[in-house]
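For reference, structure19.cif is printed below; it contains mmCIF, C-alpha atoms.
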data_target
loop_
_atom_site.label_atom_id
_atom_site.label_comp_id
_atom_site.auth_asym_id
_atom_site.auth_seq_id
_atom_site.Cartn_x
_atom_site.Cartn_y
_atom_site.Cartn_z
CA MET I 965 195.25 64.40 114.78
CA ASN I 966 192.35 66.82 114.87
CA ILE I 967 189.34 65.56 116.87
CA LEU I 968 186.75 66.43 114.18
CA ALA I 969 188.79 64.72 111.46
CA GLU I 970 189.31 61.70 113.72
CA ARG I 971 185.54 61.47 114.34
CA ALA I 972 184.87 61.85 110.60
CA PHE I 973 187.17 58.93 109.71
CA LYS I 974 185.81 56.82 112.56
CA GLY I 975 182.22 57.49 111.39
CA LEU I 976 183.18 56.16 107.95
CA ASN I 977 184.96 53.12 109.47
CA ILE I 978 188.20 54.14 107.78
CA GLU I 979 191.68 53.93 109.27
CA ASP I 980 194.10 56.47 107.90
CA LYS I 981 197.63 56.75 109.26
CA ARG I 982 198.27 60.21 107.86
CA ILE I 983 198.27 63.39 109.90
CA HIS I 984 194.89 65.13 109.72
CA ILE I 985 194.74 68.91 109.98
CA ILE I 986 191.74 71.24 109.91
CA LYS I 987 192.35 74.92 109.15
CA TYR I 988 189.79 77.72 109.04
CA SER I 989 190.54 80.42 106.50
CA GLY I 990 189.22 83.79 105.39
CA HIS I 991 190.31 83.01 101.81
CA PHE I 992 187.03 81.27 100.97
CA LYS I 993 183.68 82.82 100.12
CA GLY I 994 180.65 81.59 102.01
CA TYR I 995 180.78 78.01 103.25
CA ASN I 996 183.40 76.67 100.86
CA ALA I 997 186.05 74.11 101.75
CA ASN I 998 188.65 71.88 100.17
CA ALA I 999 191.15 69.18 101.05
CA LYS I 1000 194.82 68.89 100.15
CA TYR I 1001 196.61 65.64 100.67
CA ASN I 1002 199.78 63.67 100.12
CA HIS I 1003 201.18 60.44 101.56
CA GLN I 1004 201.94 62.10 104.93
CA LYS I 1005 198.93 64.29 105.67
CA ILE I 1006 195.43 65.40 104.75
CA GLU I 1007 194.69 69.07 105.31
CA PHE I 1008 191.04 70.13 105.39
CA ASN I 1009 190.68 73.84 104.66
CA LEU I 1010 187.32 75.31 105.65
CA SER I 1011 186.06 78.87 105.40
CA LYS I 1012 186.05 80.71 108.70
CA GLU I 1013 182.22 80.63 108.53
CA TRP I 1014 182.40 76.97 109.57
CA LYS I 1015 183.87 77.77 113.01
CA ILE I 1016 180.47 78.51 114.53
CA ILE I 1017 178.62 75.62 112.86
CA ASP I 1018 177.73 72.52 114.86
CA ASP I 1019 180.43 69.83 115.00
CA GLU I 1020 178.15 67.16 113.53
CA ILE I 1021 177.58 69.25 110.40
CA GLN I 1022 181.31 69.96 110.07
CA ILE I 1023 181.99 66.22 110.39
CA GLY I 1024 179.54 65.63 107.53
CA LEU I 1025 181.47 68.13 105.39
CA ILE I 1026 184.78 66.46 106.25
CA GLN I 1027 183.34 63.01 105.50
CA SER I 1028 182.15 64.28 102.11
CA LEU I 1029 185.66 65.54 101.38
CA ILE I 1030 187.19 62.24 102.53
CA ILE I 1031 184.91 60.25 100.22
CA LYS I 1032 185.78 62.54 97.34
CA ILE I 1033 189.57 62.40 97.76
CA LEU I 1034 189.68 58.66 98.50
CA LYS I 1035 187.16 57.97 95.68
CA LEU I 1036 185.03 55.75 97.92
CA LYS I 1037 181.54 54.37 97.34
CA ILE I 1038 180.02 54.64 100.82
CA ARG I 1039 176.48 55.20 102.06
CA LYS I 1040 175.75 58.63 103.50
CA THR I 1041 176.23 58.99 107.20
CA THR I 1042 173.84 60.93 109.42
CA GLN I 1043 176.43 63.72 109.60
CA MET I 1044 176.67 63.88 105.80
CA GLU I 1045 172.88 64.21 105.58
CA LEU I 1046 172.99 66.99 108.19
CA TYR I 1047 175.68 68.76 106.15
CA GLU I 1048 173.73 68.45 102.89
CA ASN I 1049 170.51 69.71 104.51
CA PHE I 1050 172.41 72.63 106.04
CA MET I 1051 173.85 73.57 102.65
CA LYS I 1052 170.49 73.25 100.88
CA GLY I 1053 168.90 75.64 103.37
CA LEU I 1054 171.51 78.41 103.20
CA SER I 1055 169.98 80.32 100.29
CA LYS I 1056 166.72 80.75 102.21
CA TYR I 1057 168.50 82.86 104.81
CA ALA I 1058 170.79 84.90 102.55
CA LYS I 1059 170.23 88.66 102.45
CA LYS I 1060 168.70 89.75 99.16
CA THR I 1061 169.70 93.37 98.69
CA ILE I 1062 171.51 93.66 95.35
CA HIS I 1063 169.39 93.88 92.20
CA GLU I 1064 170.98 95.45 89.13
CA PRO I 1065 168.01 96.90 87.16
CA GLU I 1066 168.95 95.27 83.85
CA LEU I 1067 169.36 91.86 85.48
CA GLU I 1068 166.17 92.36 87.46
CA GLU I 1069 164.25 92.87 84.18
CA SER I 1070 165.75 89.67 82.78
CA PHE I 1071 164.90 87.80 86.00
CA GLU I 1072 161.28 88.98 85.83
CA ARG I 1073 160.94 87.84 82.20
CA ILE I 1074 162.43 84.42 82.91
CA ASN I 1075 160.62 83.92 86.22
CA GLU I 1076 157.26 84.63 84.59
CA LYS I 1077 157.91 82.59 81.44
CA PHE I 1078 159.51 79.46 82.93
CA PHE I 1079 158.74 79.45 86.66
CA ASN I 1080 155.20 80.90 86.67
CA GLY I 1081 156.45 83.86 88.72
CA LEU I 1082 157.04 81.58 91.73
CA MET I 1083 160.81 81.87 92.12
CA ASP I 1084 162.11 84.15 94.88
CA LYS I 1085 164.35 86.86 93.51
CA PRO I 1086 168.02 86.23 94.28
CA ASN I 1087 170.73 88.88 94.42
CA LEU I 1088 171.46 89.87 90.82
CA VAL I 1089 174.98 91.13 90.13
CA PHE I 1090 177.07 91.94 87.10
CA ALA I 1091 180.44 90.23 87.56
CA GLY I 1092 183.69 90.79 85.68
CA GLU I 1093 183.84 91.06 81.91
CA SER I 1094 184.31 87.42 80.97
CA PHE I 1095 183.78 85.69 77.64
CA ARG I 1096 184.49 82.25 79.15
CA LYS I 1097 182.30 82.31 82.26
CA LEU I 1098 179.02 83.93 81.28
CA GLY I 1099 177.25 83.41 84.58
CA SER I 1100 177.19 81.55 87.85
CA TYR I 1101 174.91 80.92 90.81
CA GLU I 1102 176.17 80.92 94.39
CA TYR I 1103 173.64 79.17 96.59
CA THR I 1104 175.17 80.24 99.91
CA SER I 1105 174.50 83.92 99.19
CA ASP I 1106 171.61 83.28 96.76
CA THR I 1107 173.35 85.35 94.11
CA VAL I 1108 173.26 85.14 90.32
CA TYR I 1109 176.42 86.59 88.77
CA ILE I 1110 176.29 87.53 85.08
CA SER I 1111 179.27 88.58 82.96
CA ARG I 1112 179.47 92.31 82.33
CA ILE I 1113 179.56 91.62 78.58
CA PHE I 1114 175.75 91.47 78.77
CA LYS I 1115 175.40 94.96 80.22
CA ASN I 1116 173.57 97.48 78.00
CA LEU I 1117 172.67 95.01 75.25
CA PRO I 1118 170.41 96.31 72.49
CA LEU I 1119 166.79 95.26 72.91
CA GLU I 1120 166.95 92.70 70.09
CA GLU I 1121 169.82 90.86 71.88
CA LYS I 1122 168.27 90.66 75.39
CA ASN I 1123 167.29 87.05 74.65
CA ILE I 1124 170.98 86.09 75.00
CA LEU I 1125 171.05 87.57 78.50
CA ASP I 1126 167.76 85.81 79.26
CA TYR I 1127 169.24 82.48 78.18
CA VAL I 1128 172.15 82.83 80.63
CA MET I 1129 169.75 84.02 83.36
CA TYR I 1130 167.53 80.97 82.76
CA HIS I 1131 170.53 78.65 83.03
CA GLU I 1132 171.63 80.19 86.34
CA LEU I 1133 168.10 80.13 87.75
CA LEU I 1134 167.96 76.40 87.05
CA HIS I 1135 170.91 76.06 89.41
CA LYS I 1136 168.92 78.00 92.02
CA LYS I 1137 165.81 75.88 91.44
CA HIS I 1138 167.70 72.63 91.85
CA SER I 1139 169.71 73.98 94.78
CA PHE I 1140 172.66 72.21 96.32
CA ASN I 1141 172.96 68.63 95.10
CA ILE I 1142 175.45 65.95 95.97
CA LYS I 1143 176.02 63.13 93.49
CA LYS I 1144 174.30 59.95 94.60
CA ARG I 1145 176.74 57.53 96.21
CA GLU I 1146 176.50 53.79 95.78
CA ALA I 1147 177.09 51.54 98.74
#
What do you get writing this file as structure tokens?
Amino acid sequence: MNILAERAFKGLNIEDKRIHIIKYSGHFKGYNANAKYNHQKIEFNLSKEWKIIDDEIQIGLIQSLIIKILKLKIRKTTQMELYENFMKGLSKYAKKTIHEPELEESFERINEKFFNGLMDKPNLVFAGESFRKLGSYEYTSDTVYISRIFKNLPLEEKNILDYVMYHELLHKKHSFNIKKREA
């Protein structure tokens, strides 16, 4: 049994007889993680970025994954609060170097109109050409991704791009949120 996983279960006062494995992988972007489980084992897969992060914060991440997979209603532990605060603060330290001019114009319009010009400019990137996923916000890199279908829109249709930009900037404004857990 992995020591961090053992400490995470112990901190939640949960006994679990399965084998617990923690793997660090380069297959994730940023600070992502997931858990796979069956009746014999639980495997926690964390991005390689987690290797250098304090154990207490990693335990909080693992506890959050445990609660999710076991569908438990448990009060937050100190480690879970550390993890959530760590995640909320990541966007403040992300490098902001990518600003596609067309997206930057949209950002400026939306920032001025809805956020009184107070929002820090994130990275602004055109993503793949998708009709299903029009945009997304990644808080760990402070990046707004917008579908390439909005590139080079005629002036009279820029409001559609602005709508998607506004939606993604709301994700930035409200940052990383964990659903409230009942005890």
Next item on the list: Would you mind listing what lies within 10 Å of I:Asn1087 as a list in words, with only C-alpha atoms counted and same-chain residues fewer than 6 positions away left out?
Entry: Ala1058, Lys1059, Lys1060, Thr1061, Ile1062, His1063, Glu1064, Leu1067, Glu1068, Tyr1101, Glu1102, Ser1105, Asp1106, Thr1107, Val1108 and Tyr1109 of chain I
Notebook entry, point to check: Neighbours of I:Thr1104 within 12 Å (all atoms listed in the file; same-chain residues fewer than 4 positions away dropped), as a count of residues only?
Noted result: 23
Can you turn the PyMOL selection byres ((chain I and resi 969) around 9) into a concrete residue list for this file, as a tab-separated table (two decimals) with C-alpha atoms, keeping the file's coordinate frame?
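result_36.tsv written:
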chain	number	residue	atom	x	y	z
I	965	MET	CA	195.25	64.40	114.78
I	966	ASN	CA	192.35	66.82	114.87
I	967	ILE	CA	189.34	65.56	116.87
I	968	LEU	CA	186.75	66.43	114.18
I	970	GLU	CA	189.31	61.70	113.72
I	971	ARG	CA	185.54	61.47	114.34
I	972	ALA	CA	184.87	61.85	110.60
I	973	PHE	CA	187.17	58.93	109.71
I	974	LYS	CA	185.81	56.82	112.56
I	984	HIS	CA	194.89	65.13	109.72
I	985	ILE	CA	194.74	68.91	109.98
I	986	ILE	CA	191.74	71.24	109.91
I	1008	PHE	CA	191.04	70.13	105.39
I	1023	ILE	CA	181.99	66.22	110.39
I	1026	ILE	CA	184.78	66.46	106.25
I	1027	GLN	CA	183.34	63.01	105.50
Margin query: Ranking I:Lys1032, I:Lys987, I:Lys1040, I:Lys981 by minimum distance to I:Trp1014 and counting all atoms listed in the file, which one comes first?
Written below: I:Lys987
Put a box with edges along x, y and z around all the listed atoms of stretch 976-989 of chain I, pad it by 5 Å on each side, then give me its centre and sizes in Å, one decimal, as AutoDock Vina command-line options.
--center_x 190.7 --center_y 66.8 --center_z 108.2 --size_x 25.1 --size_y 37.3 --size_z 13.5
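Going from atom CA of I:Asp980 over to atom CA of I:Ser1028, you cover 15.4 Å.
Neighbouring residues of I:Leu1025 at 10 Å or closer, counting all atoms listed in the file and skipping chain neighbours under 5 positions away, are Ala972, Asn996, Ala997, Asn998, Phe1008, Leu1010, Trp1014, Asp1019, Glu1020, Ile1030, Gln1043, Met1044, Glu1045, Leu1046, Tyr1047, Glu1048 and Met1051 of chain I.
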Now that the selection is made, can you save its residues with C-alpha atoms as a PDB file, in the frame of the given file?
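Written file, out-v9.pdb:
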ATOM      1  CA  ALA I 972     184.870  61.850 110.600  1.00  0.00           C
ATOM      2  CA  ASN I 996     183.400  76.670 100.860  1.00  0.00           C
ATOM      3  CA  ALA I 997     186.050  74.110 101.750  1.00  0.00           C
ATOM      4  CA  ASN I 998     188.650  71.880 100.170  1.00  0.00           C
ATOM      5  CA  PHE I1008     191.040  70.130 105.390  1.00  0.00           C
ATOM      6  CA  LEU I1010     187.320  75.310 105.650  1.00  0.00           C
ATOM      7  CA  TRP I1014     182.400  76.970 109.570  1.00  0.00           C
ATOM      8  CA  ASP I1019     180.430  69.830 115.000  1.00  0.00           C
ATOM      9  CA  GLU I1020     178.150  67.160 113.530  1.00  0.00           C
ATOM     10  CA  ILE I1030     187.190  62.240 102.530  1.00  0.00           C
ATOM     11  CA  GLN I1043     176.430  63.720 109.600  1.00  0.00           C
ATOM     12  CA  MET I1044     176.670  63.880 105.800  1.00  0.00           C
ATOM     13  CA  GLU I1045     172.880  64.210 105.580  1.00  0.00           C
ATOM     14  CA  LEU I1046     172.990  66.990 108.190  1.00  0.00           C
ATOM     15  CA  TYR I1047     175.680  68.760 106.150  1.00  0.00           C
ATOM     16  CA  GLU I1048     173.730  68.450 102.890  1.00  0.00           C
ATOM     17  CA  MET I1051     173.850  73.570 102.650  1.00  0.00           C
TER      18      MET I1051
END
Note to self: Here is a test: counting all atoms listed in the file, which residue of I:Lys1137, I:Lys1035, I:His991, I:Lys1000 is nearest to I:Tyr1103?
What the structure shows: I:Lys1137
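Take atom CA of I:Tyr1127 and atom CA of I:Ser1070: the distance between them is 9.2 Å.
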Next item on the list: Starting from the displayed file, determine the output of the PyMOL selection byres ((chain I and resi 1132) around 8) and express the residue list as number ranges by chain.
Entry: I: 1099-1101, 1108, 1128-1131, 1133-1136
